[in-house]
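Input: a single structure, listed below in structure tokens.
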Amino acid sequence: MEMNKNNELPYERFLRFGPSSLTDAELLAIMLRTGTKGTDALTLAHRVLSLYDPGQERLIGLRRATMPQLTEMPGIGEVKAVRVLSAAEIANRMVREKCLEAEVFTDPEMIADFYMESLRHLSYEVVLVAHLDNKCRLIGEDMISRGTANAALLSPREVYMKALERRAVQIVLIHNHPSGDPTPSQMDAEITEQVRAAGELMDIRLLDHIIIGDLCYRSFREEGRLP
């Protein structure tokens, strides 16, 4: 299927100079391939990139987009929406693969990116524990609690039972806030301290506690709440 005339320039530039020569909107326009009556593919691409913040175009809009949001946009049908969401999912999987291939699993931003898409849409809290070896490499993960919209029940005993089973030397707690605001609550702080103290007794270090919001996160380690 040929692209329409309005999209020939970005397509040709891609062939001549490579993808890095194109803007975000131009790359997305190539994926959309065609526009609709009165609207070219580049214009549609600009609209999609503005989903996250109408005041500016950001690629993060692709991660935030949903099927209903896209198909409600004039010129975006089911086929185009599937292309956009497929591209976003590929990007998400690339992030996760990069994290898994990293020599260490300690950077809070990287860990937040790794879990962001799987947790930020949930309407209830879940608590995950990531198990690390003595070189801070990820060796496994477990969901240890699934709660309501307000709180997840967490037992330090359950945390370390899983850690001992996997022979972890360090762990990272990860949980989401369905409200989208990752600000730690008083309960979050108390649970973190309980888990940290229990880990000291078993010589398993709590490396971080990361709270996932809606495309944002908070790290106890970054904020100096963990030694």
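FYI, nothing fancy with the structure tokens labels: chains A, B, ... in order, residues from 1 per chain, ligands from 1 as they appear.
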For Met202 of chain A: contacts at 12 Å, only C-alpha atoms, fewer than 5 positions along chain excluded, given as a PDB file with N, CA and C atoms, in the first residue's frame:
```pdb
ATOM      1  N   PRO A 156       5.995  -9.002  56.222  1.00  0.00           N
ATOM      2  CA  PRO A 156       7.441  -9.183  56.063  1.00  0.00           C
ATOM      3  C   PRO A 156       7.823 -10.654  56.020  1.00  0.00           C
ATOM      4  N   ARG A 157       7.106 -11.479  56.748  1.00  0.00           N
ATOM      5  CA  ARG A 157       7.379 -12.926  56.739  1.00  0.00           C
ATOM      6  C   ARG A 157       7.221 -13.491  55.329  1.00  0.00           C
ATOM      7  N   VAL A 159       7.393 -11.819  52.553  1.00  0.00           N
ATOM      8  CA  VAL A 159       8.451 -11.242  51.709  1.00  0.00           C
ATOM      9  C   VAL A 159       9.702 -12.107  51.765  1.00  0.00           C
ATOM     10  N   TYR A 160      10.139 -12.441  52.962  1.00  0.00           N
ATOM     11  CA  TYR A 160      11.419 -13.133  53.094  1.00  0.00           C
ATOM     12  C   TYR A 160      11.323 -14.640  52.897  1.00  0.00           C
ATOM     13  N   MET A 161      10.134 -15.194  53.029  1.00  0.00           N
ATOM     14  CA  MET A 161       9.974 -16.596  52.649  1.00  0.00           C
ATOM     15  C   MET A 161      10.294 -16.779  51.167  1.00  0.00           C
ATOM     16  N   ALA A 163      12.075 -14.684  49.338  1.00  0.00           N
ATOM     17  CA  ALA A 163      13.478 -14.334  49.118  1.00  0.00           C
ATOM     18  C   ALA A 163      14.397 -15.505  49.456  1.00  0.00           C
ATOM     19  N   LEU A 164      14.098 -16.208  50.536  1.00  0.00           N
ATOM     20  CA  LEU A 164      14.909 -17.362  50.928  1.00  0.00           C
ATOM     21  C   LEU A 164      14.763 -18.501  49.922  1.00  0.00           C
ATOM     22  N   ARG A 167      16.930 -17.702  47.177  1.00  0.00           N
ATOM     23  CA  ARG A 167      18.313 -17.462  47.606  1.00  0.00           C
ATOM     24  C   ARG A 167      18.776 -16.049  47.250  1.00  0.00           C
ATOM     25  N   ALA A 168      17.884 -15.113  47.458  1.00  0.00           N
ATOM     26  CA  ALA A 168      18.206 -13.715  47.158  1.00  0.00           C
ATOM     27  C   ALA A 168      19.117 -13.142  48.236  1.00  0.00           C
ATOM     28  N   VAL A 169      19.978 -12.232  47.828  1.00  0.00           N
ATOM     29  CA  VAL A 169      20.856 -11.531  48.756  1.00  0.00           C
ATOM     30  C   VAL A 169      20.304 -10.136  49.036  1.00  0.00           C
ATOM     31  N   GLN A 170      19.611  -9.580  48.063  1.00  0.00           N
ATOM     32  CA  GLN A 170      18.985  -8.269  48.196  1.00  0.00           C
ATOM     33  C   GLN A 170      17.604  -8.327  47.550  1.00  0.00           C
ATOM     34  N   VAL A 195       9.978  -4.200  56.938  1.00  0.00           N
ATOM     35  CA  VAL A 195      10.647  -5.128  56.018  1.00  0.00           C
ATOM     36  C   VAL A 195      12.159  -4.956  56.097  1.00  0.00           C
ATOM     37  N   ARG A 196      12.618  -3.714  56.186  1.00  0.00           N
ATOM     38  CA  ARG A 196      14.063  -3.464  56.288  1.00  0.00           C
ATOM     39  C   ARG A 196      14.640  -4.107  57.546  1.00  0.00           C
ATOM     40  N   ALA A 197      13.959  -3.903  58.663  1.00  0.00           N
ATOM     41  CA  ALA A 197      14.443  -4.443  59.940  1.00  0.00           C
ATOM     42  C   ALA A 197      14.449  -5.969  59.921  1.00  0.00           C
TER      43      ALA A 197
END
```
Excluding Val126 of chain A and any residue of its chain fewer than 5 positions from it, enumerate the residues within 9 Å of it, using only C-alpha atoms, and give them as an mmCIF file with N, CA, C and O atoms, in the first residue's frame.
```cif
data_model
loop_
_atom_site.group_PDB
_atom_site.id
_atom_site.type_symbol
_atom_site.label_atom_id
_atom_site.label_comp_id
_atom_site.auth_asym_id
_atom_site.auth_seq_id
_atom_site.Cartn_x
_atom_site.Cartn_y
_atom_site.Cartn_z
ATOM 1 N N LEU A 119 1.762 -2.066 35.986
ATOM 2 C CA LEU A 119 1.164 -1.685 37.262
ATOM 3 C C LEU A 119 0.336 -0.408 37.226
ATOM 4 O O LEU A 119 -0.602 -0.267 38.016
ATOM 5 N N MET A 143 4.676 -11.811 43.177
ATOM 6 C CA MET A 143 3.637 -10.966 43.742
ATOM 7 C C MET A 143 3.321 -11.522 45.127
ATOM 8 O O MET A 143 2.968 -12.686 45.265
ATOM 9 N N ILE A 144 3.466 -10.682 46.128
ATOM 10 C CA ILE A 144 3.263 -11.163 47.491
ATOM 11 C C ILE A 144 2.000 -10.621 48.133
ATOM 12 O O ILE A 144 1.638 -11.046 49.229
ATOM 13 N N SER A 145 1.354 -9.683 47.455
ATOM 14 C CA SER A 145 0.122 -9.144 48.010
ATOM 15 C C SER A 145 -0.703 -8.505 46.909
ATOM 16 O O SER A 145 -0.174 -7.853 46.020
ATOM 17 N N ARG A 146 -1.998 -8.715 46.995
ATOM 18 C CA ARG A 146 -2.947 -8.060 46.090
ATOM 19 C C ARG A 146 -4.053 -7.499 46.953
ATOM 20 O O ARG A 146 -4.719 -8.230 47.682
ATOM 21 N N GLY A 147 -4.234 -6.189 46.913
ATOM 22 C CA GLY A 147 -5.155 -5.561 47.843
ATOM 23 C C GLY A 147 -6.346 -4.906 47.192
ATOM 24 O O GLY A 147 -6.760 -5.268 46.092
ATOM 25 N N THR A 148 -6.882 -3.915 47.872
ATOM 26 C CA THR A 148 -8.045 -3.174 47.411
ATOM 27 C C THR A 148 -7.576 -1.917 46.710
ATOM 28 O O THR A 148 -6.398 -1.763 46.391
ATOM 29 N N ALA A 151 -5.328 -0.158 49.848
ATOM 30 C CA ALA A 151 -4.136 -0.689 50.507
ATOM 31 C C ALA A 151 -3.947 -2.152 50.181
ATOM 32 O O ALA A 151 -4.894 -2.870 49.876
ATOM 33 N N ALA A 152 -2.700 -2.582 50.207
ATOM 34 C CA ALA A 152 -2.369 -3.996 50.032
ATOM 35 C C ALA A 152 -1.841 -4.520 51.364
ATOM 36 O O ALA A 152 -1.099 -3.838 52.065
ATOM 37 N N LEU A 153 -2.263 -5.701 51.724
ATOM 38 C CA LEU A 153 -1.797 -6.300 52.969
ATOM 39 C C LEU A 153 -0.442 -6.937 52.717
ATOM 40 O O LEU A 153 -0.284 -7.752 51.822
ATOM 41 N N ILE A 174 8.214 -3.309 45.155
ATOM 42 C CA ILE A 174 7.568 -2.453 44.165
ATOM 43 C C ILE A 174 6.070 -2.556 44.375
ATOM 44 O O ILE A 174 5.530 -3.664 44.461
ATOM 45 N N HIS A 175 5.402 -1.437 44.502
ATOM 46 C CA HIS A 175 3.943 -1.499 44.534
ATOM 47 C C HIS A 175 3.363 -0.258 43.871
ATOM 48 O O HIS A 175 4.061 0.730 43.635
ATOM 49 N N ASN A 176 2.106 -0.336 43.522
ATOM 50 C CA ASN A 176 1.448 0.746 42.792
ATOM 51 C C ASN A 176 0.447 1.474 43.670
ATOM 52 O O ASN A 176 -0.069 0.939 44.645
ATOM 53 N N HIS A 177 0.160 2.718 43.302
ATOM 54 C CA HIS A 177 -0.920 3.491 43.892
ATOM 55 C C HIS A 177 -1.975 3.701 42.810
ATOM 56 O O HIS A 177 -1.726 4.430 41.848
#
```
Note to self: With only C-alpha atoms as the counted atoms, please give the residues lying no more than 6 Å from segment 105-116 of chain A, apart from itself and same-chain residues fewer than 2 positions off, as a PyMOL selection string.
What the structure shows: chain A and resi 96+118-120+136-137
Note to self: According to DSSP computed on the backbone, where in segment 100-198 of chain A is there strand (DSSP E or B)? Give the residues as a PyMOL selection string.
What the structure shows: chain A and resi 126-132+138-146+170-176
Please identify all polymer residues within 12 Å of Ser86 of chain A, counting only C-alpha atoms, omitting same-chain residues fewer than 2 positions from it, and present them as a CSV table (one decimal) with all heavy atoms, in the first residue's frame.
```csv
chain,number,residue,atom,x,y,z
A,28,LEU,N,5.9,8.5,13.3
A,28,LEU,CA,4.6,7.9,13.6
A,28,LEU,C,3.7,8.0,12.3
A,28,LEU,O,2.9,7.1,12.1
A,28,LEU,CB,3.9,8.7,14.7
A,28,LEU,CG,2.6,8.2,15.2
A,28,LEU,CD1,2.6,6.7,15.6
A,28,LEU,CD2,2.1,9.0,16.4
A,31,MET,N,4.2,5.1,10.2
A,31,MET,CA,3.5,3.9,10.7
A,31,MET,C,2.0,4.0,10.4
A,31,MET,O,1.4,3.0,10.1
A,31,MET,CB,3.8,3.8,12.2
A,31,MET,CG,5.2,3.6,12.6
A,31,MET,SD,5.4,3.5,14.4
A,31,MET,CE,4.3,2.2,14.8
A,32,LEU,N,1.4,5.2,10.5
A,32,LEU,CA,0.0,5.3,10.2
A,32,LEU,C,-0.3,5.1,8.7
A,32,LEU,O,-1.4,4.7,8.3
A,32,LEU,CB,-0.5,6.7,10.6
A,32,LEU,CG,-0.5,6.9,12.2
A,32,LEU,CD1,-0.8,8.4,12.5
A,32,LEU,CD2,-1.4,6.0,12.9
A,62,LEU,N,2.1,7.8,23.5
A,62,LEU,CA,1.9,6.5,23.0
A,62,LEU,C,1.7,5.5,24.1
A,62,LEU,O,0.8,4.6,24.0
A,62,LEU,CB,3.0,6.1,22.1
A,62,LEU,CG,3.3,6.9,20.9
A,62,LEU,CD1,4.4,6.3,20.0
A,62,LEU,CD2,2.1,7.1,20.0
A,63,ARG,N,2.4,5.6,25.2
A,63,ARG,CA,2.3,4.7,26.3
A,63,ARG,C,1.0,4.9,27.0
A,63,ARG,O,0.5,4.0,27.6
A,63,ARG,CB,3.5,4.9,27.2
A,63,ARG,CG,4.9,4.6,26.6
A,63,ARG,CD,6.0,4.8,27.6
A,63,ARG,NE,5.9,3.9,28.8
A,63,ARG,CZ,6.7,3.9,29.8
A,63,ARG,NH1,7.7,4.7,29.8
A,63,ARG,NH2,6.6,3.0,30.8
A,65,ALA,N,-1.9,6.0,25.6
A,65,ALA,CA,-3.0,5.8,24.8
A,65,ALA,C,-3.7,4.5,25.0
A,65,ALA,O,-3.1,3.5,25.3
A,65,ALA,CB,-2.6,5.9,23.3
A,66,THR,N,-5.1,4.5,24.8
A,66,THR,CA,-5.9,3.3,24.9
A,66,THR,C,-6.6,3.2,23.6
A,66,THR,O,-6.7,4.1,22.8
A,66,THR,CB,-6.9,3.4,26.1
A,66,THR,OG1,-7.8,4.5,25.8
A,66,THR,CG2,-6.2,3.7,27.4
A,67,MET,N,-7.1,2.0,23.3
A,67,MET,CA,-7.9,1.7,22.1
A,67,MET,C,-9.1,2.7,22.0
A,67,MET,O,-9.2,3.3,20.9
A,67,MET,CB,-8.3,0.2,22.1
A,67,MET,CG,-8.8,-0.2,20.8
A,67,MET,SD,-7.4,-0.5,19.6
A,67,MET,CE,-8.3,-1.3,18.3
A,78,GLU,N,-9.7,1.3,13.7
A,78,GLU,CA,-9.2,0.1,14.4
A,78,GLU,C,-7.8,-0.2,14.0
A,78,GLU,O,-6.9,-0.5,14.8
A,78,GLU,CB,-10.1,-1.1,14.3
A,78,GLU,CG,-9.7,-2.3,15.1
A,78,GLU,CD,-10.7,-3.4,14.9
A,78,GLU,OE1,-11.6,-3.5,15.7
A,78,GLU,OE2,-10.5,-4.2,14.0
A,79,VAL,N,-7.6,-0.2,12.7
A,79,VAL,CA,-6.3,-0.7,12.1
A,79,VAL,C,-5.2,0.3,12.6
A,79,VAL,O,-4.1,-0.2,13.1
A,79,VAL,CB,-6.3,-0.7,10.6
A,79,VAL,CG1,-4.9,-1.0,10.0
A,79,VAL,CG2,-7.3,-1.8,10.1
A,80,LYS,N,-5.4,1.6,12.5
A,80,LYS,CA,-4.4,2.5,12.9
A,80,LYS,C,-4.1,2.5,14.4
A,80,LYS,O,-3.0,2.6,14.8
A,80,LYS,CB,-4.8,3.9,12.4
A,80,LYS,CG,-4.6,4.2,10.9
A,80,LYS,CD,-4.9,5.7,10.6
A,80,LYS,CE,-4.6,6.0,9.2
A,80,LYS,NZ,-5.5,5.2,8.2
A,81,ALA,N,-5.2,2.3,15.1
A,81,ALA,CA,-5.1,2.2,16.6
A,81,ALA,C,-4.2,1.0,17.0
A,81,ALA,O,-3.4,1.1,17.9
A,81,ALA,CB,-6.4,2.1,17.2
A,82,VAL,N,-4.4,-0.1,16.3
A,82,VAL,CA,-3.7,-1.3,16.6
A,82,VAL,C,-2.2,-1.1,16.3
A,82,VAL,O,-1.3,-1.5,17.0
A,82,VAL,CB,-4.2,-2.5,15.8
A,82,VAL,CG1,-3.2,-3.7,15.8
A,82,VAL,CG2,-5.5,-2.9,16.3
A,83,ARG,N,-1.9,-0.4,15.2
A,83,ARG,CA,-0.5,-0.1,14.8
A,83,ARG,C,0.2,0.8,15.9
A,83,ARG,O,1.3,0.5,16.3
A,83,ARG,CB,-0.4,0.7,13.5
A,83,ARG,CG,-0.7,-0.2,12.3
A,83,ARG,CD,-0.8,0.6,11.0
A,83,ARG,NE,-1.2,-0.1,9.9
A,83,ARG,CZ,-1.7,0.4,8.8
A,83,ARG,NH1,-1.8,1.7,8.7
A,83,ARG,NH2,-2.0,-0.4,7.7
A,84,VAL,N,-0.5,1.8,16.4
A,84,VAL,CA,0.0,2.7,17.4
A,84,VAL,C,0.3,1.9,18.7
A,84,VAL,O,1.4,2.0,19.3
A,84,VAL,CB,-0.9,3.9,17.7
A,84,VAL,CG1,-0.4,4.7,18.9
A,84,VAL,CG2,-1.0,4.8,16.4
A,88,ALA,N,3.8,1.0,20.8
A,88,ALA,CA,4.0,1.3,22.2
A,88,ALA,C,4.4,0.1,23.0
A,88,ALA,O,5.2,0.1,23.8
A,88,ALA,CB,2.7,2.0,22.8
A,89,GLU,N,3.7,-1.0,22.7
A,89,GLU,CA,4.1,-2.3,23.4
A,89,GLU,C,5.5,-2.8,23.0
A,89,GLU,O,6.2,-3.3,23.9
A,89,GLU,CB,3.0,-3.3,23.0
A,89,GLU,CG,3.3,-4.7,23.7
A,89,GLU,CD,3.3,-4.6,25.2
A,89,GLU,OE1,2.7,-3.7,25.8
A,89,GLU,OE2,3.8,-5.5,25.9
A,90,ILE,N,5.9,-2.6,21.8
A,90,ILE,CA,7.2,-3.0,21.4
A,90,ILE,C,8.2,-2.1,22.2
A,90,ILE,O,9.2,-2.7,22.7
A,90,ILE,CB,7.5,-2.8,19.9
A,90,ILE,CG1,6.7,-3.9,19.1
A,90,ILE,CG2,9.0,-2.8,19.5
A,90,ILE,CD1,6.7,-3.7,17.6
A,91,ALA,N,8.0,-0.8,22.3
A,91,ALA,CA,8.9,0.0,23.1
A,91,ALA,C,8.9,-0.4,24.5
A,91,ALA,O,10.0,-0.4,25.1
A,91,ALA,CB,8.4,1.5,23.0
A,92,ASN,N,7.8,-0.7,25.1
A,92,ASN,CA,7.7,-1.2,26.5
A,92,ASN,C,8.5,-2.5,26.7
A,92,ASN,O,9.3,-2.6,27.6
A,92,ASN,CB,6.3,-1.4,26.9
A,92,ASN,CG,6.2,-1.8,28.4
A,92,ASN,OD1,6.7,-1.2,29.2
A,92,ASN,ND2,5.4,-2.9,28.6
A,93,ARG,N,8.4,-3.4,25.7
A,93,ARG,CA,9.1,-4.7,25.9
A,93,ARG,C,10.6,-4.4,25.7
A,93,ARG,O,11.5,-5.2,26.3
A,93,ARG,CB,8.6,-5.7,24.8
A,93,ARG,CG,7.2,-6.1,25.1
A,93,ARG,CD,6.7,-7.2,24.2
A,93,ARG,NE,5.3,-7.4,24.4
A,93,ARG,CZ,4.6,-8.5,23.9
A,93,ARG,NH1,5.3,-9.3,23.1
A,93,ARG,NH2,3.4,-8.6,24.1
```
Notebook entry, point to check: DSSP says helix (DSSP H, G or I) for which residues of segment 6-225 of chain A? Put them as a VMD selection string?
Noted result: chain A and resid 6 to 17 19 to 21 24 to 32 41 to 49 60 to 64 67 to 71 78 to 101 108 to 119 156 to 165 186 to 202
Checklist line | Counting only C-alpha atoms, the residue of A:Glu165, A:Asp181, A:Glu26, A:Glu72 that sits nearest Gly213 of chain A | finding: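 Closest candidate: A:Asp181.
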Next item on the list: Counting only C-alpha atoms, figure out which residue out of A:Leu138, A:Ile76, A:Leu154, A:Leu15 gets nearest to Asp40 of chain A.
Entry: A:Ile76
Checklist line | Distance query Leu22 of chain A at most 12 Å, only C-alpha atoms, self and fewer than 3 positions along chain excluded, as a ChimeraX atom specification | finding: /A:7,9-19,25-30,42
For the selection just defined, write its residues with all heavy atoms to a file, as a short mmCIF file (atom, residue, chain, number, x, y, z; two decimals), in the first residue's frame.
```cif
data_model
loop_
_atom_site.label_atom_id
_atom_site.label_comp_id
_atom_site.auth_asym_id
_atom_site.auth_seq_id
_atom_site.Cartn_x
_atom_site.Cartn_y
_atom_site.Cartn_z
N ASN A 7 2.82 12.32 2.70
CA ASN A 7 3.77 11.58 3.53
C ASN A 7 5.00 11.12 2.76
O ASN A 7 5.82 10.41 3.30
CB ASN A 7 3.08 10.35 4.13
CG ASN A 7 2.06 10.75 5.18
OD1 ASN A 7 2.24 11.73 5.86
ND2 ASN A 7 0.97 10.01 5.26
N LEU A 9 7.57 12.90 1.70
CA LEU A 9 8.81 13.51 2.16
C LEU A 9 9.42 12.79 3.35
O LEU A 9 10.58 12.40 3.30
CB LEU A 9 8.59 14.99 2.47
CG LEU A 9 9.84 15.77 2.92
CD1 LEU A 9 10.93 15.68 1.87
CD2 LEU A 9 9.50 17.23 3.20
N PRO A 10 8.67 12.54 4.45
CA PRO A 10 9.29 11.80 5.55
C PRO A 10 9.70 10.39 5.14
O PRO A 10 10.74 9.89 5.59
CB PRO A 10 8.20 11.77 6.63
CG PRO A 10 7.00 12.38 6.07
CD PRO A 10 7.36 13.08 4.82
N TYR A 11 8.91 9.75 4.29
CA TYR A 11 9.24 8.40 3.83
C TYR A 11 10.55 8.41 3.03
O TYR A 11 11.43 7.58 3.25
CB TYR A 11 8.10 7.86 2.99
CG TYR A 11 8.25 6.41 2.59
CD1 TYR A 11 7.89 5.40 3.47
CD2 TYR A 11 8.76 6.06 1.34
CE1 TYR A 11 8.02 4.06 3.12
CE2 TYR A 11 8.89 4.73 0.98
CZ TYR A 11 8.52 3.74 1.87
OH TYR A 11 8.65 2.41 1.51
N GLU A 12 10.67 9.37 2.14
CA GLU A 12 11.88 9.47 1.32
C GLU A 12 13.09 9.84 2.17
O GLU A 12 14.19 9.34 1.96
CB GLU A 12 11.68 10.49 0.20
CG GLU A 12 10.67 10.04 -0.85
CD GLU A 12 10.38 11.12 -1.87
OE1 GLU A 12 10.88 12.26 -1.69
OE2 GLU A 12 9.64 10.84 -2.83
N ARG A 13 12.90 10.74 3.13
CA ARG A 13 14.01 11.11 4.02
C ARG A 13 14.47 9.92 4.83
O ARG A 13 15.66 9.77 5.12
CB ARG A 13 13.58 12.25 4.96
CG ARG A 13 13.58 13.61 4.32
CD ARG A 13 14.17 14.70 5.22
NE ARG A 13 13.76 14.61 6.61
CZ ARG A 13 12.62 15.07 7.09
NH1 ARG A 13 11.75 15.62 6.28
NH2 ARG A 13 12.34 14.98 8.36
N PHE A 14 13.52 9.10 5.25
CA PHE A 14 13.87 7.88 5.97
C PHE A 14 14.80 7.03 5.12
O PHE A 14 15.83 6.53 5.60
CB PHE A 14 12.59 7.10 6.32
CG PHE A 14 12.83 5.87 7.14
CD1 PHE A 14 12.52 5.86 8.49
CD2 PHE A 14 13.35 4.72 6.57
CE1 PHE A 14 12.73 4.72 9.26
CE2 PHE A 14 13.56 3.58 7.33
CZ PHE A 14 13.25 3.57 8.67
N LEU A 15 14.45 6.84 3.86
CA LEU A 15 15.25 6.00 2.98
C LEU A 15 16.62 6.61 2.71
O LEU A 15 17.62 5.90 2.61
CB LEU A 15 14.52 5.78 1.64
CG LEU A 15 13.23 4.96 1.72
CD1 LEU A 15 12.57 4.89 0.35
CD2 LEU A 15 13.52 3.55 2.24
N ARG A 16 16.69 7.92 2.62
CA ARG A 16 17.95 8.60 2.29
C ARG A 16 18.86 8.79 3.48
O ARG A 16 20.08 8.61 3.39
CB ARG A 16 17.68 9.96 1.64
CG ARG A 16 17.05 9.88 0.26
CD ARG A 16 16.82 11.26 -0.30
NE ARG A 16 18.08 12.01 -0.41
CZ ARG A 16 18.16 13.31 -0.68
NH1 ARG A 16 17.06 14.02 -0.82
NH2 ARG A 16 19.32 13.91 -0.78
N PHE A 17 18.26 9.15 4.64
CA PHE A 17 19.08 9.55 5.78
C PHE A 17 18.89 8.68 7.03
O PHE A 17 19.59 8.85 8.01
CB PHE A 17 18.79 11.01 6.14
CG PHE A 17 19.00 11.96 4.99
CD1 PHE A 17 17.91 12.59 4.41
CD2 PHE A 17 20.26 12.20 4.49
CE1 PHE A 17 18.08 13.47 3.35
CE2 PHE A 17 20.45 13.09 3.44
CZ PHE A 17 19.36 13.72 2.86
N GLY A 18 17.91 7.80 7.00
CA GLY A 18 17.67 6.94 8.15
C GLY A 18 16.64 7.51 9.11
O GLY A 18 16.27 8.69 9.02
N PRO A 19 16.19 6.71 10.04
CA PRO A 19 15.12 7.13 10.96
C PRO A 19 15.50 8.28 11.88
O PRO A 19 14.63 9.04 12.31
CB PRO A 19 14.83 5.86 11.76
CG PRO A 19 16.06 5.03 11.64
CD PRO A 19 16.61 5.32 10.28
N ALA A 25 6.79 12.87 15.15
CA ALA A 25 5.53 12.87 14.40
C ALA A 25 5.72 12.26 13.02
O ALA A 25 4.84 11.53 12.53
CB ALA A 25 4.98 14.29 14.30
N GLU A 26 6.83 12.54 12.38
CA GLU A 26 7.07 11.98 11.04
C GLU A 26 7.24 10.47 11.09
O GLU A 26 6.75 9.75 10.21
CB GLU A 26 8.30 12.65 10.42
CG GLU A 26 8.05 14.09 10.00
CD GLU A 26 9.32 14.81 9.60
OE1 GLU A 26 10.42 14.42 10.06
OE2 GLU A 26 9.22 15.77 8.82
N LEU A 27 7.93 9.98 12.10
CA LEU A 27 8.06 8.53 12.25
C LEU A 27 6.70 7.87 12.47
O LEU A 27 6.39 6.83 11.88
CB LEU A 27 8.99 8.21 13.42
CG LEU A 27 10.48 8.46 13.19
CD1 LEU A 27 11.25 8.33 14.51
CD2 LEU A 27 11.06 7.49 12.16
N LEU A 28 5.89 8.49 13.32
CA LEU A 28 4.57 7.94 13.57
C LEU A 28 3.69 8.02 12.33
O LEU A 28 2.91 7.10 12.06
CB LEU A 28 3.92 8.69 14.74
CG LEU A 28 2.55 8.17 15.20
CD1 LEU A 28 2.62 6.69 15.56
CD2 LEU A 28 2.05 8.99 16.39
N ALA A 29 3.84 9.09 11.55
CA ALA A 29 3.06 9.23 10.32
C ALA A 29 3.38 8.11 9.34
O ALA A 29 2.49 7.60 8.64
CB ALA A 29 3.34 10.59 9.68
N ILE A 30 4.64 7.71 9.29
CA ILE A 30 5.01 6.60 8.41
C ILE A 30 4.32 5.32 8.87
O ILE A 30 3.87 4.51 8.05
CB ILE A 30 6.54 6.42 8.39
CG1 ILE A 30 7.18 7.59 7.63
CG2 ILE A 30 6.93 5.10 7.74
CD1 ILE A 30 8.69 7.58 7.62
N LEU A 42 0.43 12.91 8.86
CA LEU A 42 1.28 13.69 9.75
C LEU A 42 0.44 14.45 10.78
O LEU A 42 0.79 14.52 11.96
CB LEU A 42 2.15 14.65 8.95
CG LEU A 42 3.23 15.41 9.73
CD1 LEU A 42 4.17 14.46 10.44
CD2 LEU A 42 4.01 16.34 8.80
#
```
Next item on the list: Kindly give the distance, in Å, that separates atom CA of Arg225 of chain A and atom CA of Ser155 of chain A, rounded to a single decimal.
Entry: 19.8 Å
Next item on the list: Between atom CA of Gly180 of chain A and atom CA of Tyr217 of chain A, measure the distance and give it in Å to one decimal.
Entry: 9.2 Å
Next item on the list: Go through A:Arg218, A:Thr192, A:Ser185, A:Ala130 and flag the residue nearest Lys162 of chain A, using only C-alpha atoms for the distances.
Entry: A:Ala130
Check: Counting only C-alpha atoms, what is within 9 Å of Thr39 of chain A, bar same-chain residues fewer than 4 positions away, as a VMD selection string?
Finding: chain A and resid 35 43 to 44 74 to 75
Just-selected residues, C-alpha atoms written as a PDB file, in the first residue's frame:
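Dumped to again-v5.pdb:
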```pdb
ATOM      1  CA  GLY A  35      -4.597   9.915   6.581  1.00  0.00           C
ATOM      2  CA  THR A  43      -1.588  15.674  11.262  1.00  0.00           C
ATOM      3  CA  LEU A  44      -2.980  12.491  12.795  1.00  0.00           C
ATOM      4  CA  PRO A  74     -11.272  11.400  13.626  1.00  0.00           C
ATOM      5  CA  GLY A  75      -9.168   9.539  11.093  1.00  0.00           C
TER       6      GLY A  75
END
```
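Put simply, atom CA of Leu51 of chain A is 22.0 Å away from atom CA of Met94 of chain A.
The nearest approach to Asp133 of chain A among the residues A:Leu59, A:Ile210, A:Leu215, A:Val172, with only C-alpha atoms taken into account, belongs to A:Val172.
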